[in-house]
Amino acid sequence: MPDNTTLPISDRMVVEPTTAARTTRRLAAILLADVVGYSGMMSRDEEGTHALVARKLRQLIDFNIKRYDGRFARSTGDGTLVEFGSALDAVRCGLDIQRGLTERHGAEPDRVQLRIGINTGDVLADDRDIYGNSVNIAARLQALAAPGTVYVSQSIYDQTRSEPDLFFVDRGQHRVKNIPYPIHVFEVAFDPVRVSIHSRLLRKRVGLPVMIIAVAALAAAISTTLVDRDQKEVIREARTSALLPDKRSIAVLPFLNISSDPEQEYFSDGMTEDLITELSRLTGLFVIARNSVYTFKGKAVKAEQVSRELGVRYLVEGSVRKANNRIRITAQLIDGNTGYHVWAEYYDRDLHDVFTVQEEIARRITGALAVKLTSDEENHMGRPYTSSEVAWEYFMRGAELYRRFTPKDNANARTLFEQAIALDPKFARAYANLAATHRQDYYGRWSPDPESSENLAYRMVEKAVELADNEREPKPSLPFALEQRGWVALYSRKYGEATEAAEQVVRRNHNSADGYILWAQVLVYSGQPREALQKLDEASKHNPKFPYSYDYIRGQANYVSGVQYPKGSDASMEHFEKAREDFQEALRKNDNYRPARSYLVAVLTELGQLDEAKNQMNISLQKGEPLVTLLKDRTQQALIKKQIRAMTPFEDQMISDRLEDAWLKAAN
């Protein structure tokens, strides 16, 4: 019979009770903690390792166990099994232990590290110990956990997910030794960005159960093969990691166009967007933004993968066939954990019933998920935002063109929005998008008369807000109209009006990633970069596969922070370095995004990398950037300043001046 003390802690804990002691059953939350690399540490320094574990580590563990009313069930040289009466107490205890180790040792290569697993369930207990399958699952969670993390089971997640200071990362289902069924694992942490970066660095999976078994582990050193990874890639991945929200969560995947005419793509996209819009305004749902779901368009992916990448429990998918004045729409709701259909339905209707079908699908989803609706949501779900299905088609065609962001497509989109308004003069969203085309002409200098475009944008957006405000509650078009008002106000340097518009968008639609992005941009130009980054993080929760514009705004925020510190200081250089990485990432996603390259030139100049700044300036010149052409010419100083001022509506003119100086230096 082997000596049990020579086995790994995860196997030492999987034992059965002896018959000598009287046993009882009870529900408990178990925390199992184990020291990482304990055997290797002992082989190198027995006395030092014993002193470190027995005194310093034990003091931290003992303090937190007492703080959260835990009870020691078993202890070995490097492992601890603790029982709690509350799942939440077990989770908080495990997190505070890990946080305490981080605060004491930071990122020291030989820092103490633990693996902690937590589960809840029925246990068998005697006077000396606790046993049972729930303990075994906790041990397996501990073995799966990355050093410095806490993994919990599905039961723990279910009991603690609503706590506002806890964040969860779904680590999927795992088959483990001696457990006949897969266990669903979650990682938990106070700081979602930190846990995402940490978990990616270590390539481990973490879980959070209702019965908590936390294994505290003391680690010698993290393998160099793990820390040699490119940390920039780790941070980039961490920003897109999906965290499970505390509300019922859903993503609407792009509906397939199965019409014989590929030109009907706008129609299936319109169905998708309207369903996202309808669900987004419901207070009881967490909804993923359009941009993230469209990264899966045309790809054959499994529901479980999409659910995991987007951080949602449920998915909606479907197809649209449009022929003459008939439409056939299929839709299904899928549980992302299992891949099984919750329900599926098809609708064979006349074209003018398109809005009714959208309402029916939305009601089936909210009914299946038992979403509690407010009285306004219940009474007005599915209310169309235009009275004409033909105007709706023009609007959707225009929206498709507008997103291409070219002068020609922008002009064609404007024509379609105008046609939609001609059919429905009260079409608030069409007015809002019409304003957006004029704003884009102004900002991009696509118009021969930019000032006229700016005035038209203001007039159209005010008409949009007026019409939307006259809708009955919950005024479905108002967030879109207010969003465009915010952008127009921002580029007109009306910062208070822009801020108020952004706040109202988010207040009326808590799922509006675009509303948070507007708010972040307003804060950047108002000289509040730290607050801007907070709003950007909020947008990223709803848009985990965010586009290049998010990296661009993050880079702007870091650039402004760099300018606000004393020139040449370490803090200033640090922020410019972050901004450089952000703009490079934006260009990696879209090499033709001219604003990102312009700011990249500026931060490279600030960092003293003038040769590379000049190289990027020349690339902009080759791509036909009008401002760079002016900078190279240098004969029209007044026009240069005017264009820079239009492109950089900072409240603090000093920031625009720094940009101008950097660009002129790189243009020489």
# chains A, B, ... in the order shown; residues from 1 in each chain; ligands from 1
$ residues_around --residues "Trp487 in chain A" --least-positions-apart "4" --cutoff "7 Å" --atoms "only C-alpha atoms" --output "CSV table (one decimal) with N, CA and C atoms, in the first residue's frame"
chain,number,residue,atom,x,y,z
A,483,GLU,N,-27.9,59.5,-30.2
A,483,GLU,CA,-26.5,59.1,-30.5
A,483,GLU,C,-25.9,60.0,-31.6
A,491,TYR,N,-18.4,67.3,-32.6
A,491,TYR,CA,-17.6,67.9,-33.6
A,491,TYR,C,-17.9,69.3,-33.8
A,498,ALA,N,-23.1,67.1,-26.0
A,498,ALA,CA,-22.6,65.7,-26.4
A,498,ALA,C,-22.6,64.8,-25.2
$ closest_atom_pairs --of "range 442-554 of chain A" --to "range 306-329 of chain A" --cutoff "12 Å" --atoms "only C-alpha atoms" --output "tab-separated table"
residue	atom	partner	partner_atom	distance
A:Ser540	CA	A:Leu310	CA	10.7
A:Lys541	CA	A:Gly311	CA	8.9
A:His542	CA	A:Leu310	CA	8.7
A:Asn543	CA	A:Leu310	CA	8.2
A:Pro544	CA	A:Leu310	CA	6.3
A:Lys545	CA	A:Leu310	CA	7.7
A:Phe546	CA	A:Leu310	CA	10.9
$ closest_residue --among "A:Met381, A:Ala502, A:Ala411, A:Val560" --to "Lys578 in chain A" --atoms "only C-alpha atoms"
A:Val560
$ select_by_dssp --residues "range 266-434 of chain A" --states "helix (DSSP H, G or I)" --output "JSON, numbers by chain"
{"A": [266, 267, 268, 269, 270, 271, 272, 273, 274, 275, 276, 277, 278, 279, 280, 290, 291, 292, 293, 294, 295, 296, 303, 304, 305, 306, 307, 308, 309, 310, 351, 352, 353, 354, 355, 356, 357, 358, 359, 360, 361, 362, 363, 364, 365, 366, 367, 368, 375, 376, 377, 378, 379, 380, 389, 390, 391, 392, 393, 394, 395, 396, 397, 398, 399, 400, 401, 402, 407, 408, 409, 410, 411, 412, 413, 414, 415, 416, 417, 418, 419, 420, 421, 422, 423, 428, 429, 430, 431, 432, 433, 434]}
$ residues_around --residues "Glu359 in chain A" --least-positions-apart "3" --cutoff "12 Å" --atoms "only C-alpha atoms" --output "VMD selection string"
chain A and resid 271 274 to 279 347 353 to 356 362 to 366 377 to 384
$ residues_around --residues "range 446-456 of chain A" --least-positions-apart "2" --cutoff "10 Å" --atoms "only C-alpha atoms" --output "list in words"
Thr406, Pro407, Lys408, Asn410, Ala411, Leu434, Ala435, Ala436, Thr437, His438, Arg439, Gln440, Asp441, Tyr442, Tyr443, Gly444, Tyr458, Arg459, Met460, Val461, Glu462, Val488, Tyr491, Ser492 and Ala646 of chain A
$ write_last_selection --atoms "N, CA and C atoms" --output "PDB file, in the first residue's frame"
ATOM      1  N   THR A 406     -16.973  55.072 -47.453  1.00  0.00           N
ATOM      2  CA  THR A 406     -16.297  55.659 -48.606  1.00  0.00           C
ATOM      3  C   THR A 406     -17.156  56.821 -49.094  1.00  0.00           C
ATOM      4  N   PRO A 407     -16.572  57.825 -49.750  1.00  0.00           N
ATOM      5  CA  PRO A 407     -17.367  58.967 -50.218  1.00  0.00           C
ATOM      6  C   PRO A 407     -18.528  58.558 -51.112  1.00  0.00           C
ATOM      7  N   LYS A 408     -18.286  57.636 -52.050  1.00  0.00           N
ATOM      8  CA  LYS A 408     -19.339  57.225 -52.974  1.00  0.00           C
ATOM      9  C   LYS A 408     -20.471  56.502 -52.248  1.00  0.00           C
ATOM     10  N   ASN A 410     -21.227  56.650 -49.125  1.00  0.00           N
ATOM     11  CA  ASN A 410     -21.881  57.594 -48.223  1.00  0.00           C
ATOM     12  C   ASN A 410     -22.936  58.415 -48.967  1.00  0.00           C
ATOM     13  N   ALA A 411     -22.595  58.850 -50.175  1.00  0.00           N
ATOM     14  CA  ALA A 411     -23.541  59.640 -50.977  1.00  0.00           C
ATOM     15  C   ALA A 411     -24.739  58.789 -51.409  1.00  0.00           C
ATOM     16  N   LEU A 434     -29.468  59.967 -41.942  1.00  0.00           N
ATOM     17  CA  LEU A 434     -29.212  61.021 -42.919  1.00  0.00           C
ATOM     18  C   LEU A 434     -28.257  62.060 -42.328  1.00  0.00           C
ATOM     19  N   ALA A 435     -28.478  62.405 -41.074  1.00  0.00           N
ATOM     20  CA  ALA A 435     -27.560  63.324 -40.388  1.00  0.00           C
ATOM     21  C   ALA A 435     -26.152  62.748 -40.338  1.00  0.00           C
ATOM     22  N   ALA A 436     -26.057  61.429 -40.119  1.00  0.00           N
ATOM     23  CA  ALA A 436     -24.747  60.787 -40.036  1.00  0.00           C
ATOM     24  C   ALA A 436     -23.981  60.900 -41.358  1.00  0.00           C
ATOM     25  N   THR A 437     -24.681  60.809 -42.486  1.00  0.00           N
ATOM     26  CA  THR A 437     -23.980  60.934 -43.769  1.00  0.00           C
ATOM     27  C   THR A 437     -23.421  62.340 -43.950  1.00  0.00           C
ATOM     28  N   HIS A 438     -24.173  63.361 -43.533  1.00  0.00           N
ATOM     29  CA  HIS A 438     -23.665  64.741 -43.630  1.00  0.00           C
ATOM     30  C   HIS A 438     -22.496  64.949 -42.663  1.00  0.00           C
ATOM     31  N   ARG A 439     -22.600  64.375 -41.477  1.00  0.00           N
ATOM     32  CA  ARG A 439     -21.494  64.494 -40.511  1.00  0.00           C
ATOM     33  C   ARG A 439     -20.227  63.833 -41.059  1.00  0.00           C
ATOM     34  N   GLN A 440     -20.389  62.683 -41.706  1.00  0.00           N
ATOM     35  CA  GLN A 440     -19.238  61.995 -42.265  1.00  0.00           C
ATOM     36  C   GLN A 440     -18.599  62.802 -43.397  1.00  0.00           C
ATOM     37  N   ASP A 441     -19.436  63.467 -44.183  1.00  0.00           N
ATOM     38  CA  ASP A 441     -18.900  64.349 -45.229  1.00  0.00           C
ATOM     39  C   ASP A 441     -18.074  65.477 -44.626  1.00  0.00           C
ATOM     40  N   TYR A 442     -18.557  65.985 -43.489  1.00  0.00           N
ATOM     41  CA  TYR A 442     -17.848  67.087 -42.825  1.00  0.00           C
ATOM     42  C   TYR A 442     -16.537  66.601 -42.213  1.00  0.00           C
ATOM     43  N   TYR A 443     -16.623  65.525 -41.439  1.00  0.00           N
ATOM     44  CA  TYR A 443     -15.444  65.037 -40.727  1.00  0.00           C
ATOM     45  C   TYR A 443     -14.386  64.509 -41.698  1.00  0.00           C
ATOM     46  N   GLY A 444     -14.827  63.757 -42.708  1.00  0.00           N
ATOM     47  CA  GLY A 444     -13.875  63.182 -43.653  1.00  0.00           C
ATOM     48  C   GLY A 444     -13.420  64.137 -44.738  1.00  0.00           C
ATOM     49  N   TYR A 458     -26.581  69.019 -38.423  1.00  0.00           N
ATOM     50  CA  TYR A 458     -27.248  69.534 -37.229  1.00  0.00           C
ATOM     51  C   TYR A 458     -28.760  69.619 -37.442  1.00  0.00           C
ATOM     52  N   ARG A 459     -29.194  70.120 -38.598  1.00  0.00           N
ATOM     53  CA  ARG A 459     -30.629  70.259 -38.873  1.00  0.00           C
ATOM     54  C   ARG A 459     -31.318  68.889 -38.915  1.00  0.00           C
ATOM     55  N   MET A 460     -30.689  67.930 -39.591  1.00  0.00           N
ATOM     56  CA  MET A 460     -31.302  66.601 -39.720  1.00  0.00           C
ATOM     57  C   MET A 460     -31.373  65.883 -38.376  1.00  0.00           C
ATOM     58  N   VAL A 461     -30.350  66.047 -37.549  1.00  0.00           N
ATOM     59  CA  VAL A 461     -30.356  65.336 -36.278  1.00  0.00           C
ATOM     60  C   VAL A 461     -31.384  65.932 -35.323  1.00  0.00           C
ATOM     61  N   GLU A 462     -31.578  67.232 -35.385  1.00  0.00           N
ATOM     62  CA  GLU A 462     -32.605  67.835 -34.540  1.00  0.00           C
ATOM     63  C   GLU A 462     -33.999  67.394 -34.966  1.00  0.00           C
ATOM     64  N   VAL A 488     -22.766  64.862 -33.593  1.00  0.00           N
ATOM     65  CA  VAL A 488     -22.798  66.180 -34.234  1.00  0.00           C
ATOM     66  C   VAL A 488     -22.382  67.270 -33.251  1.00  0.00           C
ATOM     67  N   TYR A 491     -18.440  67.267 -32.584  1.00  0.00           N
ATOM     68  CA  TYR A 491     -17.604  67.876 -33.616  1.00  0.00           C
ATOM     69  C   TYR A 491     -17.922  69.349 -33.821  1.00  0.00           C
ATOM     70  N   SER A 492     -19.006  69.807 -33.196  1.00  0.00           N
ATOM     71  CA  SER A 492     -19.290  71.247 -33.154  1.00  0.00           C
ATOM     72  C   SER A 492     -18.766  71.857 -31.858  1.00  0.00           C
ATOM     73  N   ALA A 646     -10.555  70.846 -37.233  1.00  0.00           N
ATOM     74  CA  ALA A 646     -11.781  70.085 -37.520  1.00  0.00           C
ATOM     75  C   ALA A 646     -11.624  68.621 -37.146  1.00  0.00           C
TER      76      ALA A 646
END
$ residues_around --residues "Val135 in chain A" --least-positions-apart "3" --cutoff "7 Å" --atoms "only C-alpha atoms" --output "PyMOL selection string"
chain A and resi 30+131-132+138-139+213
$ residues_around --residues "range 593-599 of chain A" --least-positions-apart "2" --cutoff "8 Å" --atoms "only C-alpha atoms" --output "PyMOL selection string"
chain A and resi 552+556+583-584+586-587+590-591+601-603+616-617+620+625+659+663
$ write_last_selection --atoms "C-alpha atoms" --output "compact mmCIF listing (two decimals), in the first residue's frame"
# COMPACT_ATOMS: atom_id res chain seq x y z
CA TYR A 552 -8.19 53.90 -31.87
CA GLN A 556 -6.36 58.53 -28.16
CA PHE A 583 -2.81 52.51 -32.87
CA GLN A 584 -0.74 49.67 -34.28
CA ALA A 586 -6.12 49.45 -34.95
CA LEU A 587 -4.05 49.42 -38.14
CA ASN A 590 -7.73 48.01 -40.76
CA ASP A 591 -4.60 49.23 -42.50
CA VAL A 601 2.90 59.37 -36.42
CA ALA A 602 2.38 61.73 -33.48
CA VAL A 603 3.19 59.21 -30.71
CA GLN A 616 4.34 56.20 -41.43
CA MET A 617 3.83 59.74 -42.72
CA SER A 620 -0.25 58.12 -45.39
CA GLU A 625 -4.27 61.45 -47.00
CA LEU A 659 -0.45 66.98 -32.52
CA TRP A 663 2.96 66.06 -37.55
$ closest_residue --among "A:Arg507, A:His575, A:Arg429, A:Arg445" --to "Pro474 in chain A" --atoms "only C-alpha atoms"
A:Arg507
$ select_by_dssp --residues "range 325-463 of chain A" --states "strand (DSSP E or B)" --output "count of residues only"
20
$ closest_residue --among "A:Leu478, A:Ile517, A:Ile97, A:Met654" --to "Gln59 in chain A" --atoms "only C-alpha atoms"
A:Ile97
$ atom_distance --atom1 "CA of Gln521 in chain A" --atom2 "CA of Asn433 in chain A"
19.1 Å
$ residues_around --residues "Pro425 in chain A" --least-positions-apart "5" --cutoff "10 Å" --atoms "only C-alpha atoms" --output "VMD selection string"
chain A and resid 386 to 387 391 418 to 420 430 to 431 467
$ write_last_selection --atoms "C-alpha atoms" --output "tab-separated table (two decimals), in the first residue's frame"
chain	number	residue	atom	x	y	z
A	386	THR	CA	-41.64	53.13	-39.63
A	387	SER	CA	-45.10	52.79	-41.12
A	391	ALA	CA	-39.23	52.65	-46.46
A	418	GLU	CA	-33.98	60.47	-48.36
A	419	GLN	CA	-36.17	58.03	-50.33
A	420	ALA	CA	-37.20	56.35	-47.07
A	430	ALA	CA	-33.87	57.59	-41.29
A	431	TYR	CA	-33.37	61.24	-40.33
A	467	LEU	CA	-39.72	62.90	-34.26
$ atom_distance --atom1 "CA of Gly486 in chain A" --atom2 "CA of Ala579 in chain A"
24.9 Å
$ atom_distance --atom1 "CA of Lys297 in chain A" --atom2 "CA of Arg403 in chain A"
15.7 Å
$ closest_residue --among "A:Glu503, A:Asp165, A:Glu651, A:Glu660" --to "Lys535 in chain A" --atoms "only C-alpha atoms"
A:Glu503
